[in-house]
$ cat data07.txt   # compact mmCIF, C-alpha atoms
# COMPACT_ATOMS: atom_id res chain seq x y z
CA MET A 8 -60.49 31.20 -111.29
CA THR A 9 -57.58 33.29 -112.58
CA GLU A 10 -56.50 32.29 -116.07
CA HIS A 11 -52.82 31.41 -116.25
CA SER A 12 -50.60 30.82 -119.26
CA PHE A 13 -47.61 28.52 -119.59
CA ARG A 14 -45.36 31.60 -119.28
CA ASP A 15 -46.32 31.70 -115.61
CA LEU A 16 -44.17 28.59 -115.08
CA ARG A 17 -40.97 30.35 -116.17
CA PRO A 18 -40.02 31.60 -112.67
CA ILE A 19 -40.02 28.02 -111.35
CA ALA A 20 -38.74 26.26 -114.47
CA VAL A 21 -35.19 25.68 -113.24
CA PRO A 22 -36.00 24.38 -109.72
CA ALA A 23 -38.98 22.41 -111.04
CA TYR A 24 -37.49 20.75 -114.12
CA GLY A 25 -33.71 21.12 -113.93
CA PRO A 26 -33.11 18.37 -111.34
CA THR A 27 -35.43 16.01 -113.21
CA LEU A 28 -33.56 16.54 -116.47
CA LEU A 29 -30.19 15.91 -114.82
CA GLY A 30 -31.44 12.90 -112.89
CA SER A 31 -33.05 11.28 -115.92
CA VAL A 32 -29.90 11.76 -118.02
CA GLY A 33 -28.02 9.86 -115.32
CA SER A 34 -30.64 7.12 -115.21
CA GLY A 35 -30.69 6.87 -118.99
CA ALA A 36 -26.92 6.50 -119.04
CA ILE A 37 -26.86 3.46 -116.74
CA MET A 38 -29.97 1.63 -117.98
CA PRO A 39 -28.31 0.01 -121.03
CA VAL A 40 -25.26 -1.19 -119.08
CA ILE A 41 -26.68 -2.68 -115.87
CA ALA A 42 -27.13 -6.14 -117.39
CA LEU A 43 -23.75 -5.93 -119.13
CA THR A 44 -22.05 -5.03 -115.86
CA ALA A 45 -23.70 -7.97 -114.11
CA ALA A 46 -22.50 -10.29 -116.86
CA ASP A 47 -18.96 -8.88 -116.64
CA LEU A 48 -19.00 -9.66 -112.90
CA GLY A 49 -19.82 -13.30 -113.63
CA GLY A 50 -23.60 -13.26 -113.46
CA SER A 51 -25.71 -15.57 -115.64
CA VAL A 52 -28.36 -14.24 -118.00
CA GLY A 53 -31.01 -14.86 -115.35
CA THR A 54 -28.95 -13.13 -112.69
CA ALA A 55 -28.34 -10.14 -114.94
CA ALA A 56 -32.07 -9.87 -115.63
CA PHE A 57 -32.78 -9.96 -111.90
CA VAL A 58 -30.27 -7.17 -111.24
CA VAL A 59 -32.07 -5.03 -113.83
CA ALA A 60 -35.39 -5.88 -112.17
CA LEU A 61 -34.03 -4.66 -108.82
CA LEU A 62 -34.43 -1.10 -110.10
CA GLY A 63 -38.21 -1.57 -110.31
CA ILE A 64 -38.29 -3.54 -107.07
CA GLY A 65 -36.54 -0.65 -105.34
CA LEU A 66 -39.16 1.74 -106.68
CA VAL A 67 -42.03 -0.32 -105.28
CA LEU A 68 -40.36 -0.91 -101.92
CA ALA A 69 -39.51 2.75 -101.40
CA ASP A 70 -42.77 4.42 -102.47
CA LEU A 71 -44.44 4.38 -99.03
CA PRO A 72 -41.30 5.23 -97.01
CA ALA A 73 -40.67 8.11 -99.44
CA GLY A 74 -44.14 9.44 -98.68
CA ALA A 75 -43.44 9.31 -94.95
CA ILE A 76 -40.13 11.15 -95.39
CA ALA A 77 -41.68 13.84 -97.59
CA ALA A 78 -44.53 14.31 -95.09
CA ARG A 79 -42.11 14.65 -92.17
CA PHE A 80 -39.28 16.68 -93.71
CA GLY A 81 -40.79 18.30 -96.80
CA GLU A 82 -40.34 17.86 -100.52
CA LYS A 83 -37.08 19.80 -100.87
CA THR A 84 -35.29 17.74 -98.22
CA THR A 85 -36.58 14.56 -99.85
CA LEU A 86 -35.19 15.67 -103.21
CA LEU A 87 -31.79 16.28 -101.62
CA LEU A 88 -31.88 12.85 -100.00
CA ALA A 89 -32.87 11.22 -103.30
CA SER A 90 -29.97 12.88 -105.13
CA ALA A 91 -27.55 11.71 -102.43
CA LEU A 92 -28.88 8.14 -102.64
CA GLU A 93 -28.47 8.20 -106.43
CA PHE A 94 -24.83 9.22 -106.01
CA VAL A 95 -24.16 6.44 -103.49
CA GLY A 96 -25.89 3.88 -105.72
CA GLY A 97 -23.88 4.99 -108.76
CA LEU A 98 -20.65 4.88 -106.76
CA GLY A 99 -21.46 1.40 -105.46
CA ALA A 100 -22.12 0.14 -109.00
CA LEU A 101 -18.92 1.77 -110.24
CA LEU A 102 -16.80 0.07 -107.57
CA ALA A 103 -18.71 -3.25 -107.43
CA LYS A 104 -16.49 -6.32 -107.46
CA ASN A 105 -19.34 -8.84 -107.43
CA VAL A 106 -22.97 -9.13 -108.47
CA ALA A 107 -24.27 -8.82 -104.90
CA VAL A 108 -22.76 -5.35 -104.46
CA LEU A 109 -23.98 -4.33 -107.91
CA GLY A 110 -27.49 -5.54 -107.07
CA ALA A 111 -27.55 -3.65 -103.77
CA SER A 112 -26.39 -0.50 -105.57
CA ILE A 113 -29.08 -0.77 -108.25
CA LEU A 114 -31.70 -1.35 -105.53
CA LEU A 115 -30.50 1.88 -103.92
CA VAL A 116 -30.88 3.68 -107.26
CA GLY A 117 -34.48 2.41 -107.31
CA PHE A 118 -35.02 3.82 -103.81
CA SER A 119 -33.68 7.14 -105.05
CA ALA A 120 -36.00 7.17 -108.06
CA ALA A 121 -39.04 6.57 -105.83
CA ALA A 122 -38.14 9.40 -103.46
CA PHE A 123 -37.27 11.77 -106.30
CA GLY A 124 -40.42 11.06 -108.27
CA LEU A 125 -42.76 11.45 -105.32
CA ALA A 126 -41.14 14.64 -104.05
CA ARG A 127 -41.12 16.26 -107.49
CA GLN A 128 -44.79 15.42 -108.09
CA SER A 129 -45.79 16.71 -104.65
CA TYR A 130 -43.60 19.80 -105.17
CA LEU A 131 -45.36 20.80 -108.39
CA THR A 132 -48.82 19.90 -107.08
CA ALA A 133 -48.40 22.54 -104.38
CA ALA A 134 -46.58 25.14 -106.45
CA VAL A 135 -48.61 25.28 -109.68
CA PRO A 136 -52.05 26.84 -110.24
CA VAL A 137 -54.73 24.25 -110.87
CA ASP A 138 -55.43 25.49 -114.42
CA LEU A 139 -51.75 24.90 -115.28
CA ARG A 140 -51.45 21.58 -113.47
CA ALA A 141 -51.67 19.22 -116.44
CA ARG A 142 -49.24 21.26 -118.55
CA ALA A 143 -46.80 21.51 -115.66
CA LEU A 144 -46.90 17.78 -114.87
CA SER A 145 -46.94 16.73 -118.53
CA THR A 146 -43.86 18.87 -119.04
CA LEU A 147 -42.29 17.12 -116.06
CA GLY A 148 -43.04 13.79 -117.75
CA GLY A 149 -41.67 15.15 -121.02
CA VAL A 150 -38.46 16.41 -119.42
CA TYR A 151 -37.98 12.97 -117.89
CA ARG A 152 -38.45 11.36 -121.32
CA ILE A 153 -35.95 13.77 -122.90
CA GLY A 154 -33.38 12.96 -120.23
CA MET A 155 -33.89 9.23 -120.64
CA PHE A 156 -33.54 9.67 -124.42
CA LEU A 157 -30.30 11.67 -124.12
CA GLY A 158 -28.78 9.62 -121.31
CA PRO A 159 -27.70 6.60 -123.38
CA PHE A 160 -25.94 8.86 -125.90
CA VAL A 161 -24.10 10.77 -123.17
CA GLY A 162 -23.21 7.47 -121.53
CA ALA A 163 -21.97 6.01 -124.82
CA LEU A 164 -19.74 9.03 -125.38
CA VAL A 165 -18.13 8.71 -121.94
CA ILE A 166 -17.90 4.91 -122.20
CA SER A 167 -15.94 5.25 -125.44
CA HIS A 168 -13.18 6.97 -123.42
CA THR A 169 -13.41 5.28 -120.02
CA GLY A 170 -15.02 1.88 -120.48
CA ILE A 171 -18.37 0.64 -119.18
CA GLN A 172 -17.80 2.28 -115.78
CA GLY A 173 -18.18 5.64 -117.51
CA ALA A 174 -21.96 5.27 -117.48
CA TYR A 175 -21.95 5.24 -113.68
CA LEU A 176 -19.70 8.29 -113.67
CA VAL A 177 -22.32 10.11 -115.74
CA ASP A 178 -24.97 9.09 -113.21
CA MET A 179 -22.86 10.32 -110.29
CA VAL A 180 -22.10 13.66 -111.93
CA ALA A 181 -25.78 14.11 -112.80
CA SER A 182 -26.84 13.34 -109.22
CA VAL A 183 -24.36 15.91 -107.86
CA GLY A 184 -25.71 18.47 -110.31
CA ALA A 185 -29.30 17.71 -109.27
CA PHE A 186 -28.34 17.96 -105.58
CA LEU A 187 -26.71 21.37 -106.03
CA LEU A 188 -29.58 22.67 -108.15
CA VAL A 189 -32.13 21.69 -105.49
CA LEU A 190 -29.93 22.98 -102.67
CA PHE A 191 -29.46 26.45 -104.12
CA SER A 192 -32.94 26.88 -105.59
CA ARG A 193 -35.66 28.53 -103.57
CA ASP A 194 -38.38 26.34 -102.17
CA ILE A 195 -41.12 26.83 -104.75
CA THR A 196 -43.74 25.42 -102.36
CA ALA A 197 -43.09 28.13 -99.76
CA ASP A 198 -45.38 30.64 -101.50
CA ALA A 199 -47.39 28.12 -103.50
CA PRO A 200 -49.72 29.97 -105.95
CA GLY A 201 -51.72 26.85 -106.68
CA ASP A 202 -55.21 25.86 -105.66
CA PRO A 203 -55.57 27.08 -102.05
CA ALA A 204 -57.46 23.94 -101.17
CA ARG A 205 -54.40 21.95 -102.12
CA ALA A 206 -51.50 24.09 -100.92
CA VAL A 207 -49.93 23.17 -97.62
CA ALA A 208 -48.13 26.04 -95.96
CA ALA A 209 -46.02 24.00 -93.61
CA VAL A 210 -45.09 20.43 -92.87
CA PRO A 211 -46.88 19.27 -89.72
CA GLU A 212 -44.72 18.26 -86.77
CA LYS A 213 -46.43 14.89 -86.47
CA PRO A 214 -47.71 13.93 -89.91
CA GLU A 215 -50.32 11.23 -90.28
CA PRO A 216 -48.81 7.74 -90.78
CA VAL A 217 -48.79 6.70 -94.42
CA LEU A 218 -50.86 3.53 -94.00
CA ARG A 219 -53.52 5.38 -92.00
CA ALA A 220 -53.71 8.09 -94.66
CA LEU A 221 -54.06 5.48 -97.41
CA PHE A 222 -56.84 3.74 -95.50
CA ARG A 223 -58.65 7.05 -95.14
CA HIS A 224 -58.44 7.58 -98.91
CA ARG A 225 -59.13 3.96 -99.83
CA ARG A 226 -62.15 4.88 -101.98
CA ILE A 227 -60.11 7.07 -104.32
CA LEU A 228 -57.28 4.55 -104.51
CA GLY A 229 -59.74 1.71 -105.06
CA THR A 230 -61.48 3.47 -107.94
CA LEU A 231 -59.42 6.03 -109.84
CA GLY A 232 -56.24 4.40 -108.51
CA VAL A 233 -57.18 1.09 -110.09
CA GLY A 234 -57.51 2.90 -113.41
CA VAL A 235 -53.93 4.09 -112.99
CA LEU A 236 -52.91 0.47 -112.38
CA PHE A 237 -54.48 -0.49 -115.73
CA LEU A 238 -52.70 2.41 -117.43
CA SER A 239 -49.32 1.51 -115.94
CA VAL A 240 -49.63 -2.14 -116.97
CA SER A 241 -50.44 -1.12 -120.56
CA ARG A 242 -47.53 1.29 -120.75
CA ALA A 243 -45.03 -1.15 -119.28
CA CYS A 244 -46.17 -3.92 -121.62
CA ARG A 245 -45.65 -1.62 -124.59
CA MET A 246 -42.01 -1.24 -123.53
CA ALA A 247 -41.63 -5.02 -123.30
CA ILE A 248 -43.67 -6.29 -126.23
CA VAL A 249 -41.94 -4.31 -129.02
CA PRO A 250 -38.39 -5.69 -128.51
CA LEU A 251 -39.75 -9.18 -127.80
CA TRP A 252 -41.80 -9.16 -131.00
CA ALA A 253 -38.85 -7.78 -132.95
CA ALA A 254 -36.80 -10.77 -131.83
CA SER A 255 -39.62 -13.18 -132.65
CA ILE A 256 -39.84 -12.01 -136.26
CA GLY A 257 -36.08 -12.18 -136.74
CA LEU A 258 -34.97 -8.55 -136.54
CA ASP A 259 -31.37 -8.10 -135.46
CA ALA A 260 -30.38 -5.97 -132.48
CA ALA A 261 -29.57 -2.91 -134.60
CA HIS A 262 -32.97 -2.85 -136.32
CA ALA A 263 -34.80 -3.59 -133.06
CA SER A 264 -32.99 -0.70 -131.38
CA LEU A 265 -33.87 1.59 -134.29
CA VAL A 266 -37.55 0.70 -133.98
CA PHE A 267 -37.46 1.36 -130.26
CA GLY A 268 -35.58 4.64 -130.65
CA ILE A 269 -37.84 6.12 -133.34
CA ALA A 270 -40.93 5.13 -131.36
CA GLY A 271 -39.38 6.77 -128.31
CA ALA A 272 -38.89 9.99 -130.24
CA ALA A 273 -42.58 10.01 -131.20
CA ASP A 274 -43.44 9.47 -127.55
CA MET A 275 -41.11 12.24 -126.36
CA LEU A 276 -42.46 15.04 -128.58
CA LEU A 277 -46.10 15.01 -127.48
CA PHE A 278 -45.98 15.99 -123.82
CA TYR A 279 -46.92 19.68 -124.15
CA PRO A 280 -49.94 19.23 -126.48
CA ALA A 281 -51.16 16.51 -124.11
CA GLY A 282 -50.92 18.82 -121.11
CA ALA A 283 -52.61 21.69 -122.92
CA LEU A 284 -55.52 19.45 -123.92
CA MET A 285 -55.96 18.21 -120.35
CA ASP A 286 -55.94 21.75 -118.94
CA ARG A 287 -58.49 23.01 -121.45
CA LYS A 288 -60.73 20.03 -122.17
CA GLY A 289 -60.29 17.79 -119.14
CA ARG A 290 -58.22 14.73 -118.32
CA LEU A 291 -60.47 12.22 -120.05
CA VAL A 292 -59.90 13.74 -123.50
CA VAL A 293 -56.34 12.37 -123.28
CA ALA A 294 -56.75 9.36 -120.98
CA PHE A 295 -59.42 7.52 -122.97
CA PRO A 296 -57.80 7.76 -126.43
CA SER A 297 -54.38 6.98 -124.96
CA MET A 298 -55.64 3.65 -123.61
CA ILE A 299 -57.61 2.85 -126.77
CA ILE A 300 -54.58 3.55 -128.99
CA LEU A 301 -52.36 1.39 -126.77
CA GLY A 302 -54.92 -1.43 -127.03
CA VAL A 303 -55.24 -1.15 -130.81
CA GLY A 304 -51.46 -1.05 -131.13
CA MET A 305 -51.12 -4.23 -129.09
CA ILE A 306 -53.49 -5.99 -131.47
CA LEU A 307 -51.73 -4.66 -134.58
CA VAL A 308 -48.35 -5.87 -133.31
CA VAL A 309 -49.53 -9.42 -133.92
CA PHE A 310 -49.93 -8.68 -137.65
CA THR A 311 -46.45 -7.24 -138.19
CA SER A 312 -43.82 -9.36 -139.91
CA GLY A 313 -40.91 -7.07 -140.71
CA PHE A 314 -39.05 -3.88 -139.88
CA THR A 315 -41.36 -1.38 -141.60
CA SER A 316 -44.65 -2.77 -140.29
CA LEU A 317 -43.32 -3.10 -136.74
CA LEU A 318 -41.90 0.42 -136.89
CA LEU A 319 -45.28 1.86 -137.88
CA VAL A 320 -47.07 0.03 -135.08
CA ALA A 321 -44.36 0.97 -132.58
CA MET A 322 -44.80 4.63 -133.57
CA LEU A 323 -48.56 4.26 -133.03
CA LEU A 324 -47.86 2.85 -129.57
CA GLY A 325 -45.42 5.71 -128.94
CA PHE A 326 -48.12 8.19 -129.97
CA GLY A 327 -50.63 6.56 -127.62
CA ASN A 328 -48.17 6.65 -124.77
CA GLY A 329 -46.95 10.16 -125.59
CA ILE A 330 -50.37 11.83 -125.48
CA GLY A 331 -50.67 10.45 -121.96
CA ALA A 332 -47.43 12.07 -120.76
CA GLY A 333 -47.93 13.32 -117.22
CA LEU A 334 -51.42 11.83 -117.03
CA ILE A 335 -50.77 9.63 -113.99
CA MET A 336 -49.13 12.48 -112.07
CA THR A 337 -51.94 14.87 -113.04
CA LEU A 338 -54.66 12.48 -111.90
CA GLY A 339 -52.79 11.98 -108.63
CA ALA A 340 -52.51 15.74 -108.13
CA ASP A 341 -56.24 16.14 -108.84
CA ALA A 342 -57.15 13.49 -106.29
CA ALA A 343 -54.59 14.43 -103.62
CA PRO A 344 -55.99 15.95 -100.41
CA ALA A 345 -54.88 19.30 -98.98
CA VAL A 346 -53.51 17.70 -95.83
CA GLY A 347 -51.45 14.54 -96.15
CA ARG A 348 -50.57 15.10 -99.81
CA PRO A 349 -47.20 13.26 -99.72
CA GLN A 350 -48.70 10.25 -97.93
CA PHE A 351 -51.51 10.00 -100.49
CA LEU A 352 -49.13 10.38 -103.44
CA ALA A 353 -46.97 7.62 -101.96
CA GLY A 354 -49.90 5.21 -102.31
CA TRP A 355 -50.69 6.61 -105.75
CA ARG A 356 -47.16 6.05 -106.99
CA LEU A 357 -47.11 2.59 -105.41
CA MET A 358 -50.06 1.59 -107.61
CA SER A 359 -48.38 3.09 -110.67
CA ASP A 360 -45.02 1.44 -109.98
CA ALA A 361 -46.70 -1.87 -109.16
CA GLY A 362 -48.37 -1.75 -112.57
CA ASN A 363 -45.03 -1.00 -114.23
CA ALA A 364 -43.49 -4.00 -112.50
CA ALA A 365 -46.46 -6.32 -113.11
CA GLY A 366 -46.77 -5.66 -116.85
CA PRO A 367 -43.61 -7.45 -118.04
CA LEU A 368 -44.20 -10.23 -115.50
CA LEU A 369 -47.68 -10.73 -116.97
CA ILE A 370 -46.25 -11.04 -120.48
CA SER A 371 -43.64 -13.49 -119.23
CA GLY A 372 -46.25 -15.60 -117.44
CA ILE A 373 -48.57 -15.80 -120.44
CA ALA A 374 -45.68 -16.56 -122.79
CA LEU A 375 -44.83 -19.64 -120.71
CA PHE A 376 -48.11 -21.28 -121.76
CA ALA A 377 -49.12 -19.51 -124.97
CA PRO A 378 -47.58 -17.70 -127.96
CA LEU A 379 -46.36 -14.14 -127.55
CA ALA A 380 -49.28 -13.03 -129.72
CA ALA A 381 -51.67 -14.22 -127.00
CA ALA A 382 -49.91 -12.05 -124.46
CA SER A 383 -50.25 -9.05 -126.74
CA ILE A 384 -54.00 -9.66 -127.15
CA VAL A 385 -54.47 -10.00 -123.37
CA ILE A 386 -52.72 -6.66 -122.84
CA ALA A 387 -54.98 -5.12 -125.49
CA VAL A 388 -58.03 -6.30 -123.57
CA ILE A 389 -56.59 -4.86 -120.34
CA SER A 390 -56.10 -1.54 -122.15
CA PHE A 391 -59.70 -1.45 -123.35
CA VAL A 392 -61.03 -2.33 -119.89
CA GLY A 393 -58.79 0.36 -118.42
CA ALA A 394 -60.10 2.92 -120.91
CA GLU A 395 -63.68 2.25 -119.85
CA TRP A 396 -62.72 2.27 -116.16
CA LEU A 397 -61.05 5.67 -116.52
CA ARG A 398 -63.99 6.99 -118.55
CA HIS A 399 -66.23 6.21 -115.58
CA TRP A 400 -64.05 7.51 -112.74
CA ILE A 401 -61.97 10.44 -114.06
CA PRO A 402 -64.87 12.95 -114.28
CA ARG A 403 -65.55 12.52 -110.55
CA TYR A 404 -62.16 14.03 -109.68
CA ASP A 405 -61.32 16.16 -112.71
CA PRO A 406 -61.25 19.88 -111.79
CA VAL A 407 -61.76 20.83 -115.44
CA SER A 408 -64.95 18.81 -115.76
CA ALA A 409 -68.10 20.91 -115.53
CA ALA A 410 -69.51 18.36 -113.11
CA THR A 411 -66.67 18.75 -110.63
CA LEU A 412 -65.30 22.26 -111.17
CA GLY A 413 -65.25 24.15 -107.91
CA ARG A 414 -66.28 21.11 -105.92
CA ARG A 415 -64.19 20.25 -102.87
CA ARG A 416 -64.10 16.72 -101.59
CA ALA A 417 -64.73 16.05 -97.93
CA ASP A 418 -62.52 12.97 -97.92
$ encode --input "data07.txt" --output "structure tokens"
Amino acid sequence: MTEHSFRDLRPIAVPAYGPTLLGSVGSGAIMPVIALTAADLGGSVGTAAFVVALLGIGLVLADLPAGAIAARFGEKTTLLLASALEFVGGLGALLAKNVAVLGASILLVGFSAAAFGLARQSYLTAAVPVDLRARALSTLGGVYRIGMFLGPFVGALVISHTGIQGAYLVDMVASVGAFLLVLFSRDITADAPGDPARAVAAVPEKPEPVLRALFRHRRILGTLGVGVLFLSVSRACRMAIVPLWAASIGLDAAHASLVFGIAGAADMLLFYPAGALMDRKGRLVVAFPSMIILGVGMILVVFTSGFTSLLLVAMLLGFGNGIGAGLIMTLGADAAPAVGRPQFLAGWRLMSDAGNAAGPLLISGIALFAPLAAASIVIAVISFVGAEWLRHWIPRYDPVSAATLGRRRAD
């Protein structure tokens, strides 16, 4: 296998990462104001929360259709469609006169995110050499984190001059920028230098139906895919438990936001070292400690009682999440077949997005009958179980592992 360095990604850096950076800045700009917009339109607290949840619901609903579209029309066309949907969703939210229109617009933004995420992952899976795969996909995850970190600040700046609708203007401008960048960039999958067993030279005229493809790969999805479900639940619960615990110990909104922001910065800075480790030492060297650290952090949250202690634990959770940047996409790329890659990745992302949606619901359900501390402990147990599950299944599909290097799966 030819040894590649990260410099080999420079020719595709703009078409690979530019649209993701723009799109995530737009998403980051609207995330803090969705609930506020719903409230301004007369929605109750519960209604506002449901409108926010529609973003995740849209992701889950659109994962499989996005796979079918990418399989039929290709990744570049899917990216263009996703950018257009993001623009329409942002415009709908900007002009919404009632909560129903706002909710439909946010659902459309979720559809866009599903299509964009799947196409970008499939795009890089085909275009990047296998020994650069983890670094390339971890960088994609890192670029997304950077955009989501910057988005609220860009949105706040525009809002200060235009009002709350300014956040949606940022999203619309970002989506136009992403559309143009994809449109005028060359198709980096056309001469894919990646693993020849993975690269697909052309989109078949009659691609395999998504559900049939998922049934054919049910063993992978039912083993390694379940590990991704565990990982997604743990990550999503980390995002929910920190602000909830901050409120429970009496921190005000400013201090809670500071905790969340600093932890996010710790998360954001670790994507490249994580990718380099996965490319050189295998996926498990990152996956196992990431899950263990998330589990330990969930336990330690219960023992925090003030700003400083919660900040330290939140940074630990951010570290655990950050070293796993790009892990889910990398595992999906490792497991994806040569033919039917978009359909397979649709099912893969469905499991990941389902875990993201289920995590906060699990916390909410437990908190109805037990203290929040009990929910945190349950999530810790899930993290530890997930760590052991991944330890068992990752080596079977890891191209860096000595046991699987050079092996090609028949399924």
$ closest_residue --input "data07.txt" --among "A:Tyr24, A:Phe391, A:Tyr404, A:Phe156" --to "Ser192 of chain A" --atoms "all atoms listed in the file"
A:Tyr24
$ atom_distance --input "data07.txt" --atom1 "atom CA of Val266 of chain A" --atom2 "atom CA of Pro250 of chain A"
8.5 Å
$ closest_residue --input "data07.txt" --among "A:Gly331, A:Pro18, A:Gly49, A:Gly124" --to "Ser31 of chain A" --atoms "all atoms listed in the file"
A:Gly124
$ closest_residue --input "data07.txt" --among "A:Val40, A:Leu291, A:Ala143, A:Leu277" --to "Pro402 of chain A" --atoms "only C-alpha atoms"
A:Leu291
$ residues_near_point --input "data07.txt" --point "(-42.4, -7.0, -121.4)" --cutoff "7 Å" --atoms "only C-alpha atoms" --output "number ranges by chain"
A: 243-244, 246-248, 366-368, 370-371
$ residues_around --input "data07.txt" --residues "Pro214 of chain A" --least-positions-apart "5" --cutoff "9 Å" --atoms "all atoms listed in the file" --output "ChimeraX atom specification"
/A:75,78-79,347,350
$ closest_residue --input "data07.txt" --among "A:Ala263, A:Ala381, A:Leu88, A:Met275" --to "Leu187 of chain A" --atoms "only C-alpha atoms"
A:Leu88
$ closest_residue --input "data07.txt" --among "A:Leu147, A:Leu307, A:Ala294, A:Ala100" --to "Ala394 of chain A" --atoms "all atoms listed in the file"
A:Ala294
$ closest_residue --input "data07.txt" --among "A:Met305, A:Val180, A:Leu251, A:Ala141" --to "Phe278 of chain A" --atoms "only C-alpha atoms"
A:Ala141
$ atom_distance --input "data07.txt" --atom1 "atom CA of Ile389 of chain A" --atom2 "atom CA of Val303 of chain A"
11.2 Å
$ residues_around --input "data07.txt" --residues "Lys288 of chain A" --least-positions-apart "5" --cutoff "12 Å" --atoms "all atoms listed in the file" --output "ChimeraX atom specification"
/A:138,141,280-283,293-294,402,405-409
$ atom_distance --input "data07.txt" --atom1 "atom CA of Ser119 of chain A" --atom2 "atom CA of Met298 of chain A"
29.0 Å
$ residues_around --input "data07.txt" --residues "Arg127 of chain A" --least-positions-apart "2" --cutoff "9 Å" --atoms "all atoms listed in the file" --output "mmCIF file with C-alpha atoms, keeping the file's coordinate frame"
data_model
loop_
_atom_site.group_PDB
_atom_site.id
_atom_site.type_symbol
_atom_site.label_atom_id
_atom_site.label_comp_id
_atom_site.auth_asym_id
_atom_site.auth_seq_id
_atom_site.Cartn_x
_atom_site.Cartn_y
_atom_site.Cartn_z
ATOM 1 C CA ALA A 23 -38.980 22.410 -111.040
ATOM 2 C CA TYR A 24 -37.490 20.750 -114.120
ATOM 3 C CA THR A 27 -35.430 16.010 -113.210
ATOM 4 C CA GLU A 82 -40.340 17.860 -100.520
ATOM 5 C CA LYS A 83 -37.080 19.800 -100.870
ATOM 6 C CA LEU A 86 -35.190 15.670 -103.210
ATOM 7 C CA ALA A 122 -38.140 9.400 -103.460
ATOM 8 C CA PHE A 123 -37.270 11.770 -106.300
ATOM 9 C CA GLY A 124 -40.420 11.060 -108.270
ATOM 10 C CA LEU A 125 -42.760 11.450 -105.320
ATOM 11 C CA SER A 129 -45.790 16.710 -104.650
ATOM 12 C CA TYR A 130 -43.600 19.800 -105.170
ATOM 13 C CA LEU A 131 -45.360 20.800 -108.390
ATOM 14 C CA THR A 132 -48.820 19.900 -107.080
ATOM 15 C CA LEU A 147 -42.290 17.120 -116.060
#
$ residues_around --input "data07.txt" --residues "Ile227 of chain A" --least-positions-apart "6" --cutoff "10 Å" --atoms "all atoms listed in the file" --output "CSV table (one decimal) with C-alpha atoms, in the frame of the given file"
chain,number,residue,atom,x,y,z
A,221,LEU,CA,-54.1,5.5,-97.4
A,233,VAL,CA,-57.2,1.1,-110.1
A,339,GLY,CA,-52.8,12.0,-108.6
A,342,ALA,CA,-57.2,13.5,-106.3
A,343,ALA,CA,-54.6,14.4,-103.6
A,351,PHE,CA,-51.5,10.0,-100.5
A,355,TRP,CA,-50.7,6.6,-105.8
A,400,TRP,CA,-64.0,7.5,-112.7
A,403,ARG,CA,-65.6,12.5,-110.6
A,404,TYR,CA,-62.2,14.0,-109.7
A,418,ASP,CA,-62.5,13.0,-97.9
